[in-house]
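A.B. asks: Below is the file my_file12.cif, with mmCIF, C-alpha atoms.
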```cif
data_run
#
loop_
_atom_site.label_atom_id
_atom_site.label_comp_id
_atom_site.auth_asym_id
_atom_site.auth_seq_id
_atom_site.Cartn_x
_atom_site.Cartn_y
_atom_site.Cartn_z
CA MET A 467 93.47 102.83 150.52
CA ASN A 468 96.96 102.97 151.99
CA ASN A 469 99.75 100.63 150.99
CA PHE A 470 97.88 99.30 147.95
CA THR A 471 100.38 97.13 146.01
CA PRO A 472 98.47 95.42 143.18
CA PHE A 473 101.50 94.80 140.94
CA SER A 474 103.72 92.97 143.43
CA ALA A 475 100.62 91.12 144.66
CA LEU A 476 99.78 90.00 141.12
CA LEU A 477 103.39 89.03 140.34
CA GLY A 478 103.64 87.01 143.56
CA GLY A 479 100.29 85.37 142.81
CA ILE A 480 101.41 84.36 139.31
CA ILE A 481 104.63 82.84 140.72
CA ILE A 482 102.58 80.91 143.31
CA GLY A 483 100.25 79.74 140.53
CA LEU A 484 103.20 78.47 138.46
CA SER A 485 104.49 76.52 141.47
CA VAL A 486 101.04 74.97 141.99
CA VAL A 487 100.84 73.94 138.31
CA PHE A 488 104.37 72.51 138.15
CA TYR A 489 103.79 70.59 141.41
CA PHE A 490 100.50 69.14 140.18
CA TYR A 491 101.84 68.26 136.72
CA SER A 492 104.93 66.55 138.19
CA THR A 493 103.60 64.80 141.29
CA GLY A 494 99.84 64.66 140.74
CA ARG A 495 99.27 66.28 144.13
CA LEU A 496 97.62 69.59 144.99
CA ALA A 497 99.79 72.19 146.72
CA GLY A 498 97.54 72.72 149.74
CA ILE A 499 99.96 73.73 152.47
CA SER A 500 97.85 72.73 155.49
CA GLY A 501 97.59 69.20 154.07
CA ILE A 502 101.31 69.11 153.24
CA PHE A 503 102.03 70.30 156.79
CA GLU A 504 99.86 67.57 158.34
CA ASN A 505 101.41 64.92 156.12
CA ALA A 506 104.94 66.11 156.90
CA MET A 507 104.19 65.74 160.63
CA SER A 508 102.27 62.51 160.74
CA GLY A 509 101.70 61.14 157.26
CA THR A 510 102.72 57.75 156.01
CA SER A 511 102.99 58.38 152.28
CA LYS A 512 105.50 60.76 150.64
CA ARG A 513 106.40 62.21 154.03
CA LEU A 514 109.91 63.26 152.98
CA SER A 515 108.58 64.97 149.86
CA ASN A 516 106.15 66.95 151.99
CA LEU A 517 108.97 67.91 154.36
CA ALA A 518 111.04 68.97 151.33
CA PHE A 519 108.21 71.26 150.17
CA LEU A 520 108.05 72.90 153.61
CA LEU A 521 111.84 73.30 153.64
CA GLY A 522 111.52 75.02 150.26
CA LEU A 523 108.95 77.43 151.72
CA VAL A 524 111.66 78.63 154.12
CA ILE A 525 114.56 78.55 151.63
CA GLY A 526 112.63 80.55 148.99
CA PRO A 527 112.24 83.64 151.21
CA LEU A 528 115.87 83.30 152.40
CA ILE A 529 117.01 83.40 148.75
CA TYR A 530 114.75 86.36 148.12
CA PHE A 531 115.89 88.29 151.22
CA ASN A 532 119.59 87.72 150.51
CA PHE A 533 119.96 87.72 146.74
CA ILE A 534 116.91 89.28 145.08
CA ALA A 535 115.36 91.99 147.27
CA SER A 536 116.94 95.42 146.92
CA THR A 537 115.32 96.74 150.12
CA PRO A 538 114.48 94.97 153.42
CA VAL A 539 111.19 93.06 153.25
CA ALA A 540 108.54 94.22 155.75
CA PHE A 541 107.51 91.76 158.44
CA ASN A 542 105.31 93.08 161.23
CA ILE A 543 103.55 90.60 163.49
CA THR A 544 101.84 90.84 166.88
CA HIS A 545 103.96 89.61 169.78
CA SER A 546 100.99 89.03 172.08
CA TYR A 547 100.78 85.39 173.12
CA LEU A 548 97.05 85.98 173.67
CA LEU A 549 96.74 86.31 169.89
CA ILE A 550 99.58 84.08 168.68
CA ILE A 551 98.76 80.87 170.58
CA PRO A 552 94.98 80.69 169.99
CA GLY A 553 95.53 82.05 166.47
CA GLY A 554 98.02 79.32 165.58
CA PHE A 555 95.86 76.62 167.15
CA LEU A 556 92.72 77.72 165.29
CA VAL A 557 94.59 77.96 161.97
CA GLY A 558 95.87 74.39 162.41
CA PHE A 559 92.62 72.90 163.71
CA GLY A 560 90.30 74.86 161.40
CA THR A 561 92.18 74.24 158.16
CA ARG A 562 92.28 70.48 158.76
CA LEU A 563 88.62 70.33 159.82
CA GLY A 564 87.60 72.42 156.81
CA GLY A 565 89.84 70.41 154.48
CA GLY A 566 92.11 73.22 153.29
CA CYS A 567 93.57 76.68 153.70
CA THR A 568 94.27 79.70 151.51
CA SER A 569 96.31 77.57 149.10
CA GLY A 570 94.30 74.32 149.09
CA HIS A 571 90.84 75.89 148.90
CA GLY A 572 91.69 79.46 147.84
CA ILE A 573 94.04 78.67 144.95
CA CYS A 574 93.89 74.96 143.98
CA GLY A 575 90.19 74.53 144.80
CA ILE A 576 88.97 77.73 143.17
CA GLY A 577 91.34 77.03 140.23
CA ARG A 578 89.51 73.71 139.78
CA LEU A 579 86.14 75.47 140.17
CA SER A 580 85.28 73.38 143.24
CA VAL A 581 82.06 74.69 144.77
CA ASN A 582 83.18 73.51 148.22
CA SER A 583 86.39 75.50 147.95
CA ILE A 584 84.62 78.63 146.74
CA ILE A 585 82.31 78.42 149.77
CA ALA A 586 85.17 77.61 152.18
CA THR A 587 87.19 80.58 150.90
CA GLY A 588 84.19 82.90 151.19
CA ILE A 589 83.72 81.77 154.79
CA PHE A 590 87.30 82.14 156.00
CA VAL A 591 87.78 85.52 154.32
CA ALA A 592 84.47 86.83 155.72
CA VAL A 593 85.12 85.45 159.23
CA GLY A 594 88.68 86.83 159.12
CA MET A 595 87.27 90.28 158.25
CA VAL A 596 84.73 90.09 161.10
CA THR A 597 87.49 88.99 163.50
CA VAL A 598 89.78 91.89 162.58
CA THR A 599 86.89 94.37 162.77
CA ILE A 600 85.99 93.12 166.29
CA LEU A 601 89.66 93.31 167.40
CA GLN A 602 89.76 96.89 166.14
CA GLN A 603 86.83 97.74 168.42
CA PHE A 604 89.06 96.68 171.33
CA GLY A 605 91.97 98.78 170.10
CA VAL A 606 93.94 95.93 168.47
CA TYR A 607 95.10 96.40 164.85
CA LEU A 608 94.10 100.02 164.30
CA MET B 799 114.36 64.84 139.07
CA ASN B 800 112.60 62.81 141.69
CA ASP B 801 109.57 63.57 143.84
CA LYS B 802 111.60 65.03 146.71
CA SER B 803 113.67 67.43 144.60
CA ILE B 804 110.59 68.61 142.67
CA SER B 805 108.75 69.18 145.96
CA LEU B 806 111.71 71.18 147.28
CA LEU B 807 111.87 73.27 144.09
CA CYS B 808 108.11 73.92 144.11
CA GLY B 809 108.33 74.94 147.77
CA ILE B 810 111.13 77.39 146.96
CA ILE B 811 109.18 78.95 144.06
CA PHE B 812 106.01 79.07 146.18
CA GLY B 813 107.92 80.73 149.04
CA ILE B 814 109.43 83.38 146.75
CA GLY B 815 105.95 84.08 145.38
CA LEU B 816 104.56 84.45 148.90
CA VAL B 817 107.21 87.00 149.88
CA ILE B 818 106.85 89.05 146.69
CA SER B 819 103.06 89.04 147.06
CA GLY B 820 103.15 90.42 150.61
CA MET B 821 101.32 87.43 152.13
CA THR B 822 104.21 86.71 154.51
CA ASN B 823 103.77 90.08 156.21
CA PRO B 824 100.97 89.70 158.80
CA GLU B 825 100.45 93.47 158.82
CA LYS B 826 99.59 93.30 155.10
CA VAL B 827 97.13 90.43 155.65
CA ILE B 828 95.46 92.28 158.53
CA GLY B 829 95.17 95.29 156.18
CA PHE B 830 93.30 93.08 153.71
CA LEU B 831 90.99 91.70 156.43
CA SER B 832 90.41 95.24 157.77
CA ILE B 833 87.40 95.79 155.53
CA ALA B 834 85.95 98.62 157.65
CA HIS B 835 89.12 100.66 158.15
CA ASN B 836 91.80 101.59 155.57
CA TRP B 837 91.09 98.47 153.52
CA ASP B 838 94.08 97.20 151.49
CA ALA B 839 92.66 95.13 148.62
CA SER B 840 96.08 93.96 147.36
CA LEU B 841 95.66 90.34 148.42
CA ILE B 842 92.76 89.88 146.01
CA PHE B 843 95.42 90.22 143.31
CA VAL B 844 97.52 87.46 144.88
CA MET B 845 94.69 84.95 144.82
CA GLY B 846 93.49 86.26 141.46
CA GLY B 847 96.95 85.97 139.89
CA ALA B 848 97.44 82.45 141.23
CA VAL B 849 93.97 81.23 140.21
CA ILE B 850 94.15 82.76 136.72
CA THR B 851 97.58 81.17 136.20
CA ALA B 852 96.72 77.72 137.57
CA GLY B 853 93.06 77.44 136.54
CA PRO B 854 93.54 76.88 132.78
CA PHE B 855 96.18 74.21 133.46
CA PHE B 856 93.89 72.38 135.88
CA TYR B 857 91.22 72.43 133.17
CA PHE B 858 93.67 71.24 130.52
CA PHE B 859 94.93 68.40 132.78
CA ARG B 860 91.48 67.50 134.13
CA ASN B 861 91.42 64.01 132.64
CA LYS B 862 95.04 63.14 133.32
CA GLU B 863 95.38 59.85 135.15
CA PHE B 864 99.08 59.85 135.90
CA SER B 865 101.53 62.58 136.86
CA ALA B 866 104.75 63.20 134.93
CA LEU B 867 106.56 61.16 137.61
CA GLY B 868 104.14 58.30 137.00
CA ASP B 869 102.00 58.47 140.13
CA LYS B 870 98.26 57.89 139.95
CA ILE B 871 96.40 61.18 140.35
CA ASN B 872 93.76 61.18 143.07
CA LEU B 873 91.96 64.49 143.18
CA PRO B 874 89.56 65.24 146.04
CA ALA B 875 86.17 63.75 145.20
CA LYS B 876 83.10 65.96 145.01
CA GLN B 877 81.60 66.15 148.47
CA ASN B 878 78.54 67.70 149.97
CA ILE B 879 79.03 70.93 151.82
CA ASP B 880 78.92 69.76 155.42
CA LYS B 881 79.25 71.10 158.94
CA LYS B 882 82.98 70.31 159.02
CA LEU B 883 83.68 72.50 155.99
CA ILE B 884 81.67 75.39 157.43
CA LEU B 885 82.88 75.12 161.03
CA GLY B 886 86.51 74.40 160.05
CA SER B 887 86.69 77.32 157.62
CA SER B 888 85.09 79.61 160.22
CA LEU B 889 87.61 78.63 162.92
CA PHE B 890 90.43 79.09 160.43
CA GLY B 891 89.04 82.56 159.63
CA VAL B 892 89.13 83.51 163.33
CA GLY B 893 92.75 82.33 163.68
CA TRP B 894 93.75 84.08 160.45
CA GLY B 895 92.20 87.32 161.72
CA LEU B 896 93.87 87.06 165.14
CA VAL B 897 97.43 87.00 163.74
CA GLY B 898 97.39 87.47 159.96
CA LEU B 899 99.20 84.23 159.14
CA CYS B 900 97.81 81.25 157.22
CA PRO B 901 99.77 77.96 156.95
CA GLY B 902 102.06 78.71 153.97
CA PRO B 903 103.21 82.17 155.10
CA ALA B 904 103.49 80.87 158.69
CA ILE B 905 106.16 78.41 157.53
CA SER B 906 107.88 80.92 155.23
CA ALA B 907 107.96 83.42 158.13
CA LEU B 908 110.58 81.20 159.81
CA ALA B 909 113.00 82.82 157.35
CA THR B 910 112.68 86.06 159.35
CA PHE B 911 114.22 84.32 162.41
CA ASP B 912 111.61 86.00 164.64
CA PRO B 913 111.09 83.53 167.53
CA ILE B 914 107.38 84.37 167.73
CA THR B 915 106.89 82.55 164.41
CA VAL B 916 108.07 79.33 166.10
CA VAL B 917 105.44 79.80 168.83
CA PHE B 918 102.79 80.28 166.14
CA LEU B 919 103.91 77.15 164.25
CA LEU B 920 103.96 75.00 167.39
CA SER B 921 100.42 76.18 168.20
CA MET B 922 99.38 75.41 164.62
CA ALA B 923 100.94 71.94 164.82
CA ALA B 924 99.03 71.34 168.06
CA GLY B 925 95.77 72.32 166.32
CA VAL B 926 96.48 69.94 163.43
CA LEU B 927 97.28 67.04 165.78
CA VAL B 928 94.27 67.66 168.05
CA LYS B 929 92.00 67.63 165.00
CA LYS B 930 93.65 64.49 163.63
CA ASN B 931 93.31 62.62 166.92
CA THR B 932 89.79 63.69 167.86
CA ILE B 933 87.76 63.92 164.66
CA LYS B 934 87.81 61.34 161.93
#
```
I need this file expressed as structure tokens, please.
C.D. replies:
Amino acid sequence: MNNFTPFSALLGGIIIGLSVVFYFYSTGRLAGISGIFENAMSGTSKRLSNLAFLLGLVIGPLIYFNFIASTPVAFNITHSYLLIIPGGFLVGFGTRLGGGCTSGHGICGIGRLSVNSIIATGIFVAVGMVTVTILQQFGVYL
Amino acid sequence: MNDKSISLLCGIIFGIGLVISGMTNPEKVIGFLSIAHNWDASLIFVMGGAVITAGPFFYFFRNKEFSALGDKINLPAKQNIDKKLILGSSLFGVGWGLVGLCPGPAISALATFDPITVVFLLSMAAGVLVKKNTIK
């Protein structure tokens, strides 16, 4: 296993978990980002709060990049529109149809022991693995 | 603090957690999804760390009716596992595998100022709106 980073992954996960708890305790809402994103775009209730959360998602990394990180943070993404455009569309459409994403189902849902969320998470992780494995057969992501 | 400032603060903390965890780097996510080739299991620790941290609090607060700010708490009701959950999660899995970004990291990735992240977000917004306007 190359690039295995369990400690930073665990630390980041704990920080995300604390944010989820503080958000739920304070506002009574679950920090599912796909739902927050939909509400920020077209919701009627608490729209500004949802926008504020999304703004925070951008400010947090800016703070980290500029004031906390001692070395540049890696960011490597495909620049193929053939992957980016359908990928973005399916992430938006699929998360709203399935009722949640990695945060809503994967963290909040599993944290609440929701059977639906455990199944949803199993599906999107498994399908994601199949997708990457198929792409690798075509020479993408080796 | 009001609802907006708490939401902003939680977003900031969440975003810092995402960057530290590695979730905002699509290459790292693809490494996790690459089960058959050089698998990088790190992201299990992200979800594990978040669930183990949040889970006990959700259990402790399970009967709370009102949030600290005084809003009524409406948690998602128990639902049957239906076609939407299965199909939606599958389509999300395909999109996640194509690029290596899920919604939270996709928004945080704007902080890199890479224009391709804007293209991804616009495509994601289109997917959300098409779903909202076609399927109840």
A.B. asks: Name the residues in contact with segment 814-824 of chain B at a cut-off of 7 Å, using only C-alpha atoms, excluding same-chain residues fewer than 4 positions from it; report them as a ChimeraX atom specification.
C.D. replies: /A:474-479,481-482,526-527,530,540-543 /B:810,828,844,897-899,903,906-907
A.B. asks: Nearest residue to Gly891 of chain B out of A:Leu521, A:Leu556, A:Ile480, A:Ile600, using only C-alpha atoms?
C.D. replies: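 Result for the nearest residue to Gly891 of chain B: A:Leu556.
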A.B. asks: Kindly indicate which residue among A:Leu496, A:Val557, A:Leu579, A:Leu517 lies nearest to chain B, using all atoms listed in the file for the distances.
C.D. replies: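 Answer, going by the shortest atom-to-atom distance: A:Val557.
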A.B. asks: Do you have the atom CA of Tyr489 of chain A-atom CA of Ala904 of chain B distance handy?
C.D. replies: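 For atom CA of Tyr489 of chain A relative to atom CA of Ala904 of chain B, the distance reads 20.1 Å.
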A.B. asks: Please evaluate the PyMOL selection byres ((chain B and resi 884) around 9) against the structure above and give the resulting residues as a list in words.
C.D. replies: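 When the PyMOL selection byres ((chain B and resi 884) around 9) is applied to the shown file, the picked residues are Leu563, Gly564, Ile585, Ala586, Ile589 and Phe590 of chain A; Ile879, Asp880, Lys881, Lys882, Leu883, Leu885, Gly886, Ser887, Ser888 and Leu889 of chain B.
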A.B. asks: Go ahead and write the residues just picked, C-alpha atoms, as an mmCIF file, in the frame of the given file.
C.D. replies:
```
data_model
loop_
_atom_site.group_PDB
_atom_site.id
_atom_site.type_symbol
_atom_site.label_atom_id
_atom_site.label_comp_id
_atom_site.auth_asym_id
_atom_site.auth_seq_id
_atom_site.Cartn_x
_atom_site.Cartn_y
_atom_site.Cartn_z
ATOM 1 C CA LEU A 563 88.620 70.330 159.820
ATOM 2 C CA GLY A 564 87.600 72.420 156.810
ATOM 3 C CA ILE A 585 82.310 78.420 149.770
ATOM 4 C CA ALA A 586 85.170 77.610 152.180
ATOM 5 C CA ILE A 589 83.720 81.770 154.790
ATOM 6 C CA PHE A 590 87.300 82.140 156.000
ATOM 7 C CA ILE B 879 79.030 70.930 151.820
ATOM 8 C CA ASP B 880 78.920 69.760 155.420
ATOM 9 C CA LYS B 881 79.250 71.100 158.940
ATOM 10 C CA LYS B 882 82.980 70.310 159.020
ATOM 11 C CA LEU B 883 83.680 72.500 155.990
ATOM 12 C CA LEU B 885 82.880 75.120 161.030
ATOM 13 C CA GLY B 886 86.510 74.400 160.050
ATOM 14 C CA SER B 887 86.690 77.320 157.620
ATOM 15 C CA SER B 888 85.090 79.610 160.220
ATOM 16 C CA LEU B 889 87.610 78.630 162.920
#
```
A.B. asks: Of the candidates B:Ala848, B:Ala834, B:Phe855, B:Ala866, which one gets nearest to Met799 of chain B if we count all atoms listed in the file?
C.D. replies: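 Between B:Ala848, B:Ala834, B:Phe855, B:Ala866, the residue approaching Met799 of chain B most closely is B:Ala866.
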A.B. asks: Which residue out of B:Val917, B:Leu867, B:Cys900, B:Ala839 has the minimum interatomic distance to Ser805 of chain B when only C-alpha atoms are used?
C.D. replies: B:Leu867
A.B. asks: So, with all atoms listed in the file as the atoms that count, which of A:Ile576, A:Ile529, A:Ile534, A:Ile551 lies closest to Gly847 of chain B?
C.D. replies: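 Result for the nearest residue to Gly847 of chain B: A:Ile576.
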A.B. asks: May I have the residues at most 12 Å from (104.2, 55.1, 142.0) in the file's coordinates, counting only C-alpha atoms, as an NGL selection string?
C.D. replies: (:A and (493-494 or 511-512)) or (:B and (800-801 or 864-871))
A.B. asks: Near Gly572 of chain A, within 9 Å and counting all atoms listed in the file, which residues show up once chain neighbours fewer than 3 positions away are dropped, as a VMD selection string?
C.D. replies: (chain A and resid 566 to 569 575 to 577 583 to 584 586 to 588) or (chain B and resid 845 849)
A.B. asks: Only C-alpha atoms, please: the residues just picked out, written as a JSON list (two decimals), in the coordinates of the input.
C.D. replies:
```json
[["chain", "number", "residue", "atom", "x", "y", "z"],
["A", 566, "GLY", "CA", 92.11, 73.22, 153.29],
["A", 567, "CYS", "CA", 93.57, 76.68, 153.70],
["A", 568, "THR", "CA", 94.27, 79.70, 151.51],
["A", 569, "SER", "CA", 96.31, 77.57, 149.10],
["A", 575, "GLY", "CA", 90.19, 74.53, 144.80],
["A", 576, "ILE", "CA", 88.97, 77.73, 143.17],
["A", 577, "GLY", "CA", 91.34, 77.03, 140.23],
["A", 583, "SER", "CA", 86.39, 75.50, 147.95],
["A", 584, "ILE", "CA", 84.62, 78.63, 146.74],
["A", 586, "ALA", "CA", 85.17, 77.61, 152.18],
["A", 587, "THR", "CA", 87.19, 80.58, 150.90],
["A", 588, "GLY", "CA", 84.19, 82.90, 151.19],
["B", 845, "MET", "CA", 94.69, 84.95, 144.82],
["B", 849, "VAL", "CA", 93.97, 81.23, 140.21]]
```
A.B. asks: A:Tyr491, A:Thr544, A:Thr510, A:Thr561: which is nearest Asn861 of chain B, counting only C-alpha atoms?
C.D. replies: A:Tyr491
A.B. asks: Determine the residue membership of the PyMOL selection byres ((chain A and resi 547-550) around 9) for the file above and supply it as a compact mmCIF listing (two decimals) with C-alpha atoms, in the frame of the given file.
C.D. replies:
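Result saved to expr12.txt:
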```txt
# COMPACT_ATOMS: atom_id res chain seq x y z
CA THR A 544 101.84 90.84 166.88
CA HIS A 545 103.96 89.61 169.78
CA SER A 546 100.99 89.03 172.08
CA ILE A 551 98.76 80.87 170.58
CA PRO A 552 94.98 80.69 169.99
CA GLY A 553 95.53 82.05 166.47
CA GLY A 554 98.02 79.32 165.58
CA PHE A 555 95.86 76.62 167.15
CA GLY B 893 92.75 82.33 163.68
CA LEU B 896 93.87 87.06 165.14
CA VAL B 897 97.43 87.00 163.74
CA ILE B 914 107.38 84.37 167.73
CA THR B 915 106.89 82.55 164.41
CA VAL B 917 105.44 79.80 168.83
CA PHE B 918 102.79 80.28 166.14
CA SER B 921 100.42 76.18 168.20
```
A.B. asks: Find the residues near Asp838 of chain B: any atom within 12 Å, counting all atoms listed in the file, skip ones fewer than 3 places away on the same chain, and give them as a list in words.
C.D. replies: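 Residues near the query, excluding close chain neighbours: Met467, Asn468, Asn469, Phe470, Thr471, Pro472, Ala475 and Met595 of chain A; Gly820, Glu825, Lys826, Val827, Ile828, Gly829, Phe830, Leu831, Ser832, Ile833, Ala834, His835, Leu841, Ile842 and Phe843 of chain B.
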A.B. asks: Can you spell out as an mmCIF file with C-alpha atoms, in the coordinates of the input the set of residues that the PyMOL selection byres ((chain B and resi 930) around 10) selects in the structure I just provided?
C.D. replies:
```cif
data_model
loop_
_atom_site.group_PDB
_atom_site.id
_atom_site.type_symbol
_atom_site.label_atom_id
_atom_site.label_comp_id
_atom_site.auth_asym_id
_atom_site.auth_seq_id
_atom_site.Cartn_x
_atom_site.Cartn_y
_atom_site.Cartn_z
ATOM 1 C CA GLU A 504 99.860 67.570 158.340
ATOM 2 C CA SER A 508 102.270 62.510 160.740
ATOM 3 C CA PHE A 559 92.620 72.900 163.710
ATOM 4 C CA ARG A 562 92.280 70.480 158.760
ATOM 5 C CA LEU A 563 88.620 70.330 159.820
ATOM 6 C CA ALA B 924 99.030 71.340 168.060
ATOM 7 C CA GLY B 925 95.770 72.320 166.320
ATOM 8 C CA VAL B 926 96.480 69.940 163.430
ATOM 9 C CA LEU B 927 97.280 67.040 165.780
ATOM 10 C CA VAL B 928 94.270 67.660 168.050
ATOM 11 C CA LYS B 929 92.000 67.630 165.000
ATOM 12 C CA ASN B 931 93.310 62.620 166.920
ATOM 13 C CA THR B 932 89.790 63.690 167.860
ATOM 14 C CA ILE B 933 87.760 63.920 164.660
ATOM 15 C CA LYS B 934 87.810 61.340 161.930
#
```
A.B. asks: Could you work out how far atom CA of Gly570 of chain A lies from atom CA of Ile499 of chain A, giving the answer in Å with one decimal?
C.D. replies: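 About the pair atom CA of Ile499 of chain A and atom CA of Gly570 of chain A: they are 6.6 Å apart.
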A.B. asks: To one decimal place in Å, what is the distance between atom CA of Asn878 of chain B and atom CA of Ser492 of chain A?
C.D. replies: 28.9 Å
